2 protein chains.
Amino acid sequence: MAKKEEKSELGITAEKDDFSEWFTQLMIKADLADYTDVSGCMVFKPASYAIWEKIKDLCDERFKKLGIQNVYFPLFIPEKLFEKEKEHVKGFSPEVAWVTEAGETKLSERLAVRPTSETIMYPSYAKWIRSWRDLPLKYNQWNNVVRFEFAHPVPFFRTREFLWNELHTVLATEKEALEEGKQILDVYSDICENYMALYGLVGKKTEKEKFAGAVFSEKIHYILPSGRVIEGPCFHYDGQNFSKAYDIKFLNKDGNQQYAYQCTYAITTRMLGTMFAVHSDEKGLILPPKMAINKVVIVPILFDETKEKILKLCKELEKQLSEFNAFTDSRENYSPGFKFNEWELKGIPIRIEIGPKDLENKQAIVVRRDTLKKEAIKIFELSKKISLMLKDIQKTLFEKSKKLFKEKIVEIDSLEKLKKIIENKKVGIVPLCKNIKCEDMIKYETKGAKVIFIAEEKVKNEKCIICKKKADYFVYSGKTY
Amino acid sequence: MAKKEEKSELGITAEKDDFSEWFTQLMIKADLADYTDVSGCMVFKPASYAIWEKIKDLCDERFKKLGIQNVYFPLFIPEKLFEKEKEHVKGFSPEVAWVTEAGETKLSERLAVRPTSETIMYPSYAKWIRSWRDLPLKYNQWNNVVRFEFAHPVPFFRTREFLWNELHTVLATEKEALEEGKQILDVYSDICENYMALYGLVGKKTEKEKFAGAVFSEKIHYILPSGRVIEGPCFHYDGQNFSKAYDIKFLNKDGNQQYAYQCTYAITTRMLGTMFAVHSDEKGLILPPKMAINKVVIVPILFDETKEKILKLCKELEKQLSEFNAFTDSRENYSPGFKFNEWELKGIPIRIEIGPKDLENKQAIVVRRDTLKKEAIKIFELSKKISLMLKDIQKTLFEKSKKLFKEKIVEIDSLEKLKKIIENKKVGIVPLCKNIKCEDMIKYETKGAKVIFIAEEKVKNEKCIICKKKADYFVYSGKTY
């Protein structure tokens with residue numbers, strides 16, 4: 001990622017339609033992240049990292065109830081281990097960063113920096129699992145992974161290192177595995193929908209796009225204002241593919257050795273970017289209240305005569321509103337207007353302004369970040385009304401996100417139309433056959449749109465938009481990061 | 001790390017005096033960690049990783065109150081950045097793992113896998129810090145680091161990858177920096193002493209042993225039963241060394257540009273090993289109650305006639321003792337004796353046994369893990385007595401750890417005596433001069449003991465045990481990991 005010069009303007013100067021420039025400014029000016037001197041990697045600053053910690057906590061709390069335990073496996077994977085599952089290694093090899101030297105020593109075997117940990121975890125699983133009593137085994141880790149892409153990097157969405165959870169489970173039967181799949185996707189959905197206020201759709205990948213080594217893959221998909229589809233939390237059902245490659249066998253209840261069934265799941269830091277991009281506007285960051293660390297900022301309007309009284313009231317309000325992590329911005333040398341802009345930029349869901357008139361009227365001016373609507377509210381009603389207002393912001397953001405998603409989807413029946421809607425930053429639902437060449441042609445013809453997931457497996461007489469033969473399914477097609 | 005065959009015996013078969021074998025068995029059999037196919041790296045299994053998460057939470061809670069924020073910087077450091085502070089690069093170069101290839105591409109510049117993050121963080125600090133208003137800046141990260149040592153690896157204590165926090169602060173004055181140093185060492189001390197029940201001593205490193213690039217280094221030191229000193233949490237005062245190398249300047253209140261002062265701090269996963277090694281015994285793991293996830297296990301003694309009633313009582317007790325995360329081991333096919341051994345091995349601080357006689361007498365047999373002392377306690381008194389017992393275990397373990405430490409220390413005045421006590425797995429306090437050659441000689445003569453920290457800077461007429469000239473200080477000398 002090239003180092004960019006910071007603009008001298010405090011606020012965002014780009015329109016949201018100019019997505020790439022707008023998003024970069026949002027990231028830098030709302031103090032979420034920054035470029036570094038390492039090409040393709042970024043710094044998570046406190047404002048974004050704290051939200052990532054919140055996502056982790058939400059997941060962990062739910063995972064724990066499902067009997068999932070956290071572990072930590074090594075970062076490095078010796079080349080010979082990495083190569084055991086043929087499809088897997090083919091899928092990841094182009095992006096693997098290799099350690100070949102340490103100190104002054106050339107290593108006798110290259111070490112992969114994990115792009116994902118199947119190949120380092122599963123030899124241990126094979127060692128630990130003996131009988132049906134050892135199953136299900138559900139180990140999760142929160143870590144950093146490296147996929148050394150050479151495509152143009154985009155902060156949060158496409159970086160060479162990112163953070164995620166990787167949950168790797170082993171089960172005795174396919175039935176249990178598939179049930180678990182639904183359960184975990186529900187956990188992710190709950191967090192993305194009810195906390196991050198993002199509307200998304202679960203969908204199954206085509207054979208071409210599934211995880212390298214899986215039987216099938218399902219992901220939750222989101223759409224950015226730019227029309228790019230974001231592949232969010234995922235579930236890969238591996239069947240016995242890896243258990244056969246890594247010899248994960250167990251003695252079943254009938255007394256026979258059999259290969260186990262496996263699943264993997266992940267949510268990554270790209271969901272931070274998705275949340276920032278979907279909700280925010282040209283004034284800066286907008287956060288769903290449930291994900292905001294501080295939900296309320298209090299800005300005193302200070303004049304010499306009333307200064308002391310107003311600051312005292314602010315302190316009282318901070319206490320009264322402590323459940324919302326309210327804080328007072330009492331900095332000297334900054335005008336109230338400057339402060340309003342700053343906290344709008346940084347996405348505090350609600351601003352409270354208190355001036356001499358408000359003091360007199362026992363009220364406060366309350367401004368919600370999403371609509372910027374102002375309202376005078378009596379002090380004694382503040383807690384209750386702010387609580388309701390935060391719920392309303394949360395709901396409004398989700399509805400907006402749902403509307404954005406729906407507006408981006410167009411059902412069409414020809415390649416020409418698909419090309420056109422892709423140009424217009426939309427996502428198409430098109431009939432397609434399973435021939436991988438037809439899938440490849442979509443990418444070629446649209447200059448980069450891919451088949452994102454299967455919309456519907458039932459077709460009547462629709463024809464594949466590429467080869468014009470009978471279609472096998474309807475698929476979503478659009479550009480992704 | 002060589003892959004070891006698991007022993008068929010469930011319990012530990014080595015004496016604690018045979019430390020290395022005992023500790024390896026403890027690690028494997030108490031299900032704390034395991035070897036992997038990556039030389040020098042280990043898996044943190046749920047039992048140890050959960051304790052690491054606890055340490056993180058304890059630190060984070062305290063850090064937050066001190067205005068410290070969590071961030072995340074990239075894993076990779078381009079070689080040219082890495083080399084800016086000369087002492088620093090000299091200190092770390094022999095252990096750096098280098099990424100030189102990605103996919104099929106040979107990189108134009110090598111990327112260091114971070115052994116520590118000064119060199120990737122400080123260029124960003126230089127960019128972000130403009131004036132005294134931006135200070136203090138206190139950013140922390142919890143991450144993985146790699147130091148590719150070629151010495152014999154020891155799980156938890158010396159592994160090529162480990163987990164830690166690295167807190168990097170920037171301050172306007174030396175005074176603030178030194179005050180902060182005390183504050184953060186107090187945080188670490190509090191956790192190690194009052195939670196992990198470990199007695200340790202803060203001590204300043206000699207010039208030879210200080211952190212590469214620091215003005216001085218202080219660490220908290222612990223001693224294992226094997227006589228090895230563990231260098232625990234650390235504070236490195238960097239003065240302006242890095243700020244000059246990385247150009248971290250700020251406009252001070254007088255309107256002048258000046259270089260900032262910097263500190264770094266860390267606590268690592270080796271503290272897990274220290275805690276396991278100091279407290280545990282030949283029956284397995286002993287954990288200070290404050291660090292145990294489950295503090296109480298209930299083992300029912302089941303006979304057909306009373307089975308139902310006893311299991312019902314166990315469920316009631318689980319509820320009554322929920323503040324201790326009590327759980328019932330009601331597994332069939334395992335004898336009570338087997339279960340006793342298993343939970344002793346895995347370090348549950350208190351075991352409750354309930355059989356028909358206890359049911360009749362409205363009592364339970366309570367066994368504390370540290371002393372294995374048994375006691376019959378009336379059911380109605382259980383909560384209260386267990387609470388007291390846990391406190392007593394916590395206290396007893398700390399006292400034992402203090403006693404172990406003190407017993408290991410011997411004041412001596414000659415190299416011959418030092419060699420002898422090192423052979424006897426102890427640590428010496430000896431007079432030494434500041435000549436680095438004398439410090440080197442200690443290592444050579446004792447076959448590996450080093451100068452661990454400065455015990456006392458005031459000396460009378462004592463002579464350096466190596467050159468026999470006037471000593472400059474008393475130092476602790478012993479073997480470390």
# chains A, B, ... in the order shown; residues from 1 in each chain; ligands from 1

$ select_by_dssp --residues "range 89-227 of chain B" --states "strand (DSSP E)" --output "ChimeraX atom specification"
/B:97-102,105-113,137-146,161-171,201-204,216-223

$ write_last_selection --atoms "N, CA and C atoms" --output "CSV table (one decimal), in the first residue's frame"
chain,number,residue,atom,x,y,z
B,97,ALA,N,13.7,-14.5,11.7
B,97,ALA,CA,13.2,-15.3,10.6
B,97,ALA,C,12.9,-14.4,9.4
B,98,TRP,N,13.4,-14.7,8.2
B,98,TRP,CA,13.2,-13.8,7.1
B,98,TRP,C,12.3,-14.4,6.0
B,99,VAL,N,11.3,-13.7,5.6
B,99,VAL,CA,10.5,-14.1,4.5
B,99,VAL,C,11.2,-13.5,3.2
B,100,THR,N,11.5,-14.4,2.3
B,100,THR,CA,12.2,-14.0,1.1
B,100,THR,C,11.4,-14.3,-0.2
B,101,GLU,N,10.4,-15.1,0.0
B,101,GLU,CA,9.6,-15.5,-1.2
B,101,GLU,C,8.1,-15.5,-0.9
B,102,ALA,N,7.4,-15.2,-1.9
B,102,ALA,CA,5.9,-15.2,-1.8
B,102,ALA,C,5.3,-15.8,-3.0
B,105,THR,N,7.2,-15.8,-6.4
B,105,THR,CA,8.0,-14.6,-6.5
B,105,THR,C,9.1,-14.4,-5.5
B,106,LYS,N,10.3,-14.1,-5.9
B,106,LYS,CA,11.3,-13.8,-5.0
B,106,LYS,C,11.2,-12.3,-4.6
B,107,LEU,N,11.1,-12.0,-3.3
B,107,LEU,CA,10.8,-10.6,-2.9
B,107,LEU,C,12.1,-9.7,-3.2
B,108,SER,N,11.9,-8.4,-3.5
B,108,SER,CA,13.0,-7.6,-3.8
B,108,SER,C,13.7,-7.1,-2.5
B,109,GLU,N,12.9,-7.2,-1.4
B,109,GLU,CA,13.5,-6.9,-0.1
B,109,GLU,C,13.0,-7.9,0.9
B,110,ARG,N,13.9,-8.4,1.8
B,110,ARG,CA,13.6,-9.4,2.8
B,110,ARG,C,12.6,-8.7,3.8
B,111,LEU,N,11.7,-9.5,4.3
B,111,LEU,CA,10.8,-9.1,5.4
B,111,LEU,C,11.1,-9.9,6.7
B,112,ALA,N,11.4,-9.1,7.7
B,112,ALA,CA,11.6,-9.8,9.0
B,112,ALA,C,10.3,-10.2,9.6
B,113,VAL,N,10.2,-11.4,10.2
B,113,VAL,CA,9.0,-11.7,11.0
B,113,VAL,C,9.3,-11.1,12.4
B,137,LEU,N,1.6,9.0,24.4
B,137,LEU,CA,1.0,8.1,23.5
B,137,LEU,C,1.3,6.7,24.1
B,138,LYS,N,0.3,5.9,24.4
B,138,LYS,CA,0.5,4.6,25.0
B,138,LYS,C,-0.3,3.5,24.3
B,139,TYR,N,0.4,2.9,23.4
B,139,TYR,CA,-0.2,1.8,22.6
B,139,TYR,C,0.4,0.5,22.9
B,140,ASN,N,-0.6,-0.5,23.0
B,140,ASN,CA,-0.2,-1.8,23.4
B,140,ASN,C,-0.7,-2.8,22.3
B,141,GLN,N,0.1,-3.9,22.1
B,141,GLN,CA,-0.5,-5.0,21.3
B,141,GLN,C,-0.2,-6.3,21.9
B,142,TRP,N,-1.2,-7.2,21.8
B,142,TRP,CA,-1.1,-8.6,22.2
B,142,TRP,C,-0.9,-9.4,20.9
B,143,ASN,N,0.3,-10.0,20.7
B,143,ASN,CA,0.6,-10.7,19.5
B,143,ASN,C,1.5,-11.8,19.6
B,144,ASN,N,1.9,-12.3,18.5
B,144,ASN,CA,2.9,-13.4,18.4
B,144,ASN,C,4.2,-12.8,17.9
B,145,VAL,N,5.3,-13.3,18.4
B,145,VAL,CA,6.6,-12.9,17.9
B,145,VAL,C,7.5,-14.1,17.7
B,146,VAL,N,8.5,-13.9,16.8
B,146,VAL,CA,9.3,-15.1,16.5
B,146,VAL,C,10.8,-14.7,16.8
B,161,GLU,N,8.5,-19.3,18.6
B,161,GLU,CA,7.4,-18.4,18.6
B,161,GLU,C,6.8,-18.3,20.0
B,162,PHE,N,6.5,-17.1,20.4
B,162,PHE,CA,5.8,-17.0,21.7
B,162,PHE,C,4.8,-15.9,21.6
B,163,LEU,N,3.9,-15.8,22.6
B,163,LEU,CA,2.9,-14.8,22.7
B,163,LEU,C,3.2,-13.8,23.8
B,164,TRP,N,2.9,-12.6,23.6
B,164,TRP,CA,3.2,-11.6,24.6
B,164,TRP,C,2.3,-10.4,24.4
B,165,ASN,N,2.5,-9.4,25.3
B,165,ASN,CA,2.1,-8.0,25.1
B,165,ASN,C,3.3,-7.2,24.8
B,166,GLU,N,3.2,-6.3,23.9
B,166,GLU,CA,4.3,-5.3,23.8
B,166,GLU,C,3.6,-3.9,23.9
B,167,LEU,N,4.0,-3.2,25.0
B,167,LEU,CA,3.5,-1.9,25.2
B,167,LEU,C,4.6,-0.9,24.9
B,168,HIS,N,4.3,0.0,24.0
B,168,HIS,CA,5.3,1.0,23.6
B,168,HIS,C,4.7,2.4,23.8
B,169,THR,N,5.3,3.1,24.7
B,169,THR,CA,4.8,4.4,25.1
B,169,THR,C,5.8,5.5,24.7
B,170,VAL,N,5.3,6.7,24.5
B,170,VAL,CA,6.1,7.9,24.2
B,170,VAL,C,5.7,9.0,25.1
B,171,LEU,N,6.7,9.6,25.7
B,171,LEU,CA,6.4,10.6,26.7
B,171,LEU,C,7.3,11.9,26.5
B,201,LEU,N,11.7,-11.0,41.9
B,201,LEU,CA,12.4,-9.8,42.3
B,201,LEU,C,12.7,-8.9,41.1
B,202,VAL,N,12.4,-7.6,41.2
B,202,VAL,CA,12.7,-6.7,40.1
B,202,VAL,C,14.1,-6.4,40.2
B,203,GLY,N,14.8,-6.4,39.1
B,203,GLY,CA,16.2,-6.1,39.1
B,203,GLY,C,16.7,-5.5,37.8
B,204,LYS,N,17.7,-4.6,37.9
B,204,LYS,CA,18.2,-3.9,36.7
B,204,LYS,C,19.3,-4.8,36.0
B,216,PHE,N,18.4,1.5,29.8
B,216,PHE,CA,18.5,0.4,30.8
B,216,PHE,C,17.3,-0.5,30.7
B,217,SER,N,17.4,-1.7,31.3
B,217,SER,CA,16.3,-2.7,31.4
B,217,SER,C,16.1,-3.1,32.8
B,218,GLU,N,14.9,-3.3,33.2
B,218,GLU,CA,14.5,-3.9,34.4
B,218,GLU,C,13.6,-5.1,34.1
B,219,LYS,N,13.8,-6.2,34.8
B,219,LYS,CA,12.9,-7.3,34.7
B,219,LYS,C,12.5,-7.8,36.0
B,220,ILE,N,11.4,-8.6,36.1
B,220,ILE,CA,11.0,-9.3,37.3
B,220,ILE,C,11.5,-10.7,37.1
B,221,HIS,N,12.3,-11.2,38.1
B,221,HIS,CA,12.9,-12.5,38.0
B,221,HIS,C,12.3,-13.5,38.9
B,222,TYR,N,12.2,-14.7,38.4
B,222,TYR,CA,11.6,-15.9,39.2
B,222,TYR,C,12.7,-17.0,39.1
B,223,ILE,N,12.5,-17.9,40.1
B,223,ILE,CA,13.5,-19.0,40.0
B,223,ILE,C,12.7,-20.3,40.0

$ closest_atom_pairs --of "chain A" --to "chain B" --cutoff "6 Å" --atoms "only C-alpha atoms" --output "CSV"
residue,atom,partner,partner_atom,distance
A:Val43,CA,B:Phe73,CA,4.7
A:Phe44,CA,B:Tyr72,CA,5.0
A:Lys45,CA,B:Val71,CA,5.1
A:Pro46,CA,B:Val71,CA,5.1
A:Tyr49,CA,B:Val71,CA,5.6
A:Gln69,CA,B:Pro46,CA,5.9
A:Asn70,CA,B:Pro46,CA,5.6
A:Val71,CA,B:Lys45,CA,5.1
A:Tyr72,CA,B:Phe44,CA,4.9
A:Phe73,CA,B:Val43,CA,4.7
A:Ser93,CA,B:Gly103,CA,5.7
A:Pro94,CA,B:Gly103,CA,4.1
A:Glu95,CA,B:Gly103,CA,4.9
A:Val96,CA,B:Gly103,CA,5.1
A:Ala97,CA,B:Ala102,CA,4.2
A:Trp98,CA,B:Glu101,CA,5.2
A:Val99,CA,B:Val99,CA,4.2
A:Glu101,CA,B:Trp98,CA,5.2
A:Ala102,CA,B:Ala97,CA,4.2
A:Gly103,CA,B:Pro94,CA,4.1

$ write_last_selection --atoms "N, CA, C and O atoms" --output "PDB file, in the first residue's frame"
ATOM      1  N   VAL A  43      -2.005  -0.663   9.864  1.00  0.00           N
ATOM      2  CA  VAL A  43      -2.100  -0.625  11.321  1.00  0.00           C
ATOM      3  C   VAL A  43      -3.572  -0.497  11.703  1.00  0.00           C
ATOM      4  O   VAL A  43      -4.274   0.363  11.174  1.00  0.00           O
ATOM      5  N   PHE A  44      -4.031  -1.304  12.632  1.00  0.00           N
ATOM      6  CA  PHE A  44      -5.333  -1.111  13.249  1.00  0.00           C
ATOM      7  C   PHE A  44      -5.130  -0.153  14.409  1.00  0.00           C
ATOM      8  O   PHE A  44      -4.456  -0.501  15.380  1.00  0.00           O
ATOM      9  N   LYS A  45      -5.690   1.038  14.322  1.00  0.00           N
ATOM     10  CA  LYS A  45      -5.550   2.003  15.408  1.00  0.00           C
ATOM     11  C   LYS A  45      -6.589   1.693  16.497  1.00  0.00           C
ATOM     12  O   LYS A  45      -7.487   0.859  16.295  1.00  0.00           O
ATOM     13  N   PRO A  46      -6.453   2.323  17.673  1.00  0.00           N
ATOM     14  CA  PRO A  46      -7.342   1.946  18.784  1.00  0.00           C
ATOM     15  C   PRO A  46      -8.830   1.943  18.431  1.00  0.00           C
ATOM     16  O   PRO A  46      -9.571   1.062  18.870  1.00  0.00           O
ATOM     17  N   TYR A  49      -9.428  -1.251  16.428  1.00  0.00           N
ATOM     18  CA  TYR A  49      -9.045  -2.472  17.132  1.00  0.00           C
ATOM     19  C   TYR A  49     -10.002  -2.775  18.290  1.00  0.00           C
ATOM     20  O   TYR A  49     -10.324  -3.935  18.554  1.00  0.00           O
ATOM     21  N   GLN A  69     -13.490 -24.325  22.398  1.00  0.00           N
ATOM     22  CA  GLN A  69     -12.393 -23.850  23.254  1.00  0.00           C
ATOM     23  C   GLN A  69     -11.316 -23.179  22.415  1.00  0.00           C
ATOM     24  O   GLN A  69     -11.051 -23.592  21.287  1.00  0.00           O
ATOM     25  N   ASN A  70     -10.686 -22.173  22.981  1.00  0.00           N
ATOM     26  CA  ASN A  70      -9.614 -21.483  22.270  1.00  0.00           C
ATOM     27  C   ASN A  70      -8.258 -22.144  22.493  1.00  0.00           C
ATOM     28  O   ASN A  70      -7.963 -22.617  23.589  1.00  0.00           O
ATOM     29  N   VAL A  71      -7.475 -22.155  21.439  1.00  0.00           N
ATOM     30  CA  VAL A  71      -6.132 -22.738  21.474  1.00  0.00           C
ATOM     31  C   VAL A  71      -5.209 -21.824  20.666  1.00  0.00           C
ATOM     32  O   VAL A  71      -5.662 -20.833  20.094  1.00  0.00           O
ATOM     33  N   TYR A  72      -3.921 -22.182  20.636  1.00  0.00           N
ATOM     34  CA  TYR A  72      -3.017 -21.452  19.753  1.00  0.00           C
ATOM     35  C   TYR A  72      -1.999 -22.397  19.126  1.00  0.00           C
ATOM     36  O   TYR A  72      -1.223 -23.042  19.830  1.00  0.00           O
ATOM     37  N   PHE A  73      -2.019 -22.454  17.795  1.00  0.00           N
ATOM     38  CA  PHE A  73      -1.070 -23.272  17.029  1.00  0.00           C
ATOM     39  C   PHE A  73       0.001 -22.382  16.404  1.00  0.00           C
ATOM     40  O   PHE A  73      -0.227 -21.190  16.209  1.00  0.00           O
ATOM     41  N   SER A  93      -1.079 -21.937  -2.553  1.00  0.00           N
ATOM     42  CA  SER A  93       0.327 -21.727  -2.909  1.00  0.00           C
ATOM     43  C   SER A  93       0.662 -20.361  -3.517  1.00  0.00           C
ATOM     44  O   SER A  93       1.676 -19.774  -3.158  1.00  0.00           O
ATOM     45  N   PRO A  94      -0.166 -19.855  -4.436  1.00  0.00           N
ATOM     46  CA  PRO A  94       0.223 -18.588  -5.080  1.00  0.00           C
ATOM     47  C   PRO A  94       0.373 -17.428  -4.108  1.00  0.00           C
ATOM     48  O   PRO A  94       0.964 -16.410  -4.434  1.00  0.00           O
ATOM     49  N   GLU A  95      -0.183 -17.557  -2.897  1.00  0.00           N
ATOM     50  CA  GLU A  95      -0.182 -16.429  -1.968  1.00  0.00           C
ATOM     51  C   GLU A  95       0.622 -16.678  -0.695  1.00  0.00           C
ATOM     52  O   GLU A  95       0.551 -15.905   0.245  1.00  0.00           O
ATOM     53  N   VAL A  96       1.365 -17.778  -0.665  1.00  0.00           N
ATOM     54  CA  VAL A  96       2.068 -18.100   0.584  1.00  0.00           C
ATOM     55  C   VAL A  96       3.377 -17.332   0.706  1.00  0.00           C
ATOM     56  O   VAL A  96       4.168 -17.288  -0.232  1.00  0.00           O
ATOM     57  N   ALA A  97       3.581 -16.726   1.885  1.00  0.00           N
ATOM     58  CA  ALA A  97       4.870 -16.106   2.209  1.00  0.00           C
ATOM     59  C   ALA A  97       5.751 -17.183   2.838  1.00  0.00           C
ATOM     60  O   ALA A  97       5.314 -17.907   3.739  1.00  0.00           O
ATOM     61  N   TRP A  98       6.978 -17.278   2.338  1.00  0.00           N
ATOM     62  CA  TRP A  98       7.884 -18.345   2.791  1.00  0.00           C
ATOM     63  C   TRP A  98       9.061 -17.791   3.584  1.00  0.00           C
ATOM     64  O   TRP A  98       9.763 -16.904   3.122  1.00  0.00           O
ATOM     65  N   VAL A  99       9.274 -18.363   4.753  1.00  0.00           N
ATOM     66  CA  VAL A  99      10.500 -18.084   5.506  1.00  0.00           C
ATOM     67  C   VAL A  99      11.543 -19.080   5.024  1.00  0.00           C
ATOM     68  O   VAL A  99      11.300 -20.292   5.048  1.00  0.00           O
ATOM     69  N   GLU A 101      15.130 -18.182   5.586  1.00  0.00           N
ATOM     70  CA  GLU A 101      16.382 -17.914   6.301  1.00  0.00           C
ATOM     71  C   GLU A 101      16.071 -17.503   7.730  1.00  0.00           C
ATOM     72  O   GLU A 101      15.028 -16.898   7.988  1.00  0.00           O
ATOM     73  N   ALA A 102      16.986 -17.831   8.645  1.00  0.00           N
ATOM     74  CA  ALA A 102      16.848 -17.368  10.024  1.00  0.00           C
ATOM     75  C   ALA A 102      18.232 -17.004  10.516  1.00  0.00           C
ATOM     76  O   ALA A 102      19.156 -17.821  10.446  1.00  0.00           O
ATOM     77  N   GLY A 103      18.382 -15.769  11.004  1.00  0.00           N
ATOM     78  CA  GLY A 103      19.710 -15.294  11.358  1.00  0.00           C
ATOM     79  C   GLY A 103      20.594 -15.394  10.128  1.00  0.00           C
ATOM     80  O   GLY A 103      20.220 -14.915   9.062  1.00  0.00           O
TER      81      GLY A 103
END

$ residues_around --residues "Ser477 in chain B" --least-positions-apart "5" --cutoff "10 Å" --atoms "only C-alpha atoms" --output "number ranges by chain"
B: 229, 409-410, 418, 422, 426-430, 439, 442-443, 446, 449-455

$ residues_around --residues "Ala30 in chain A" --least-positions-apart "2" --cutoff "12 Å" --atoms "only C-alpha atoms" --output "VMD selection string"
chain A and resid 10 to 12 22 to 28 32 to 34 45 to 48 276 280 to 287 341 to 348

$ residues_around --residues "Ala197 in chain B" --least-positions-apart "5" --cutoff "8 Å" --atoms "only C-alpha atoms" --output "list in words"
Cys192, Met275, Pro288, Gln394, Lys395, Leu397, Phe398 and Ser401 of chain B

$ closest_residue --among "B:Trp52, B:Tyr481, B:Phe19, B:Tyr246" --to "Val278 in chain B" --atoms "only C-alpha atoms"
B:Phe19

$ atom_distance --atom1 "CA of Val459 in chain A" --atom2 "CA of Tyr473 in chain A"
5.9 Å

$ atom_distance --atom1 "CA of Val475 in chain B" --atom2 "CA of Ser226 in chain B"
19.8 Å
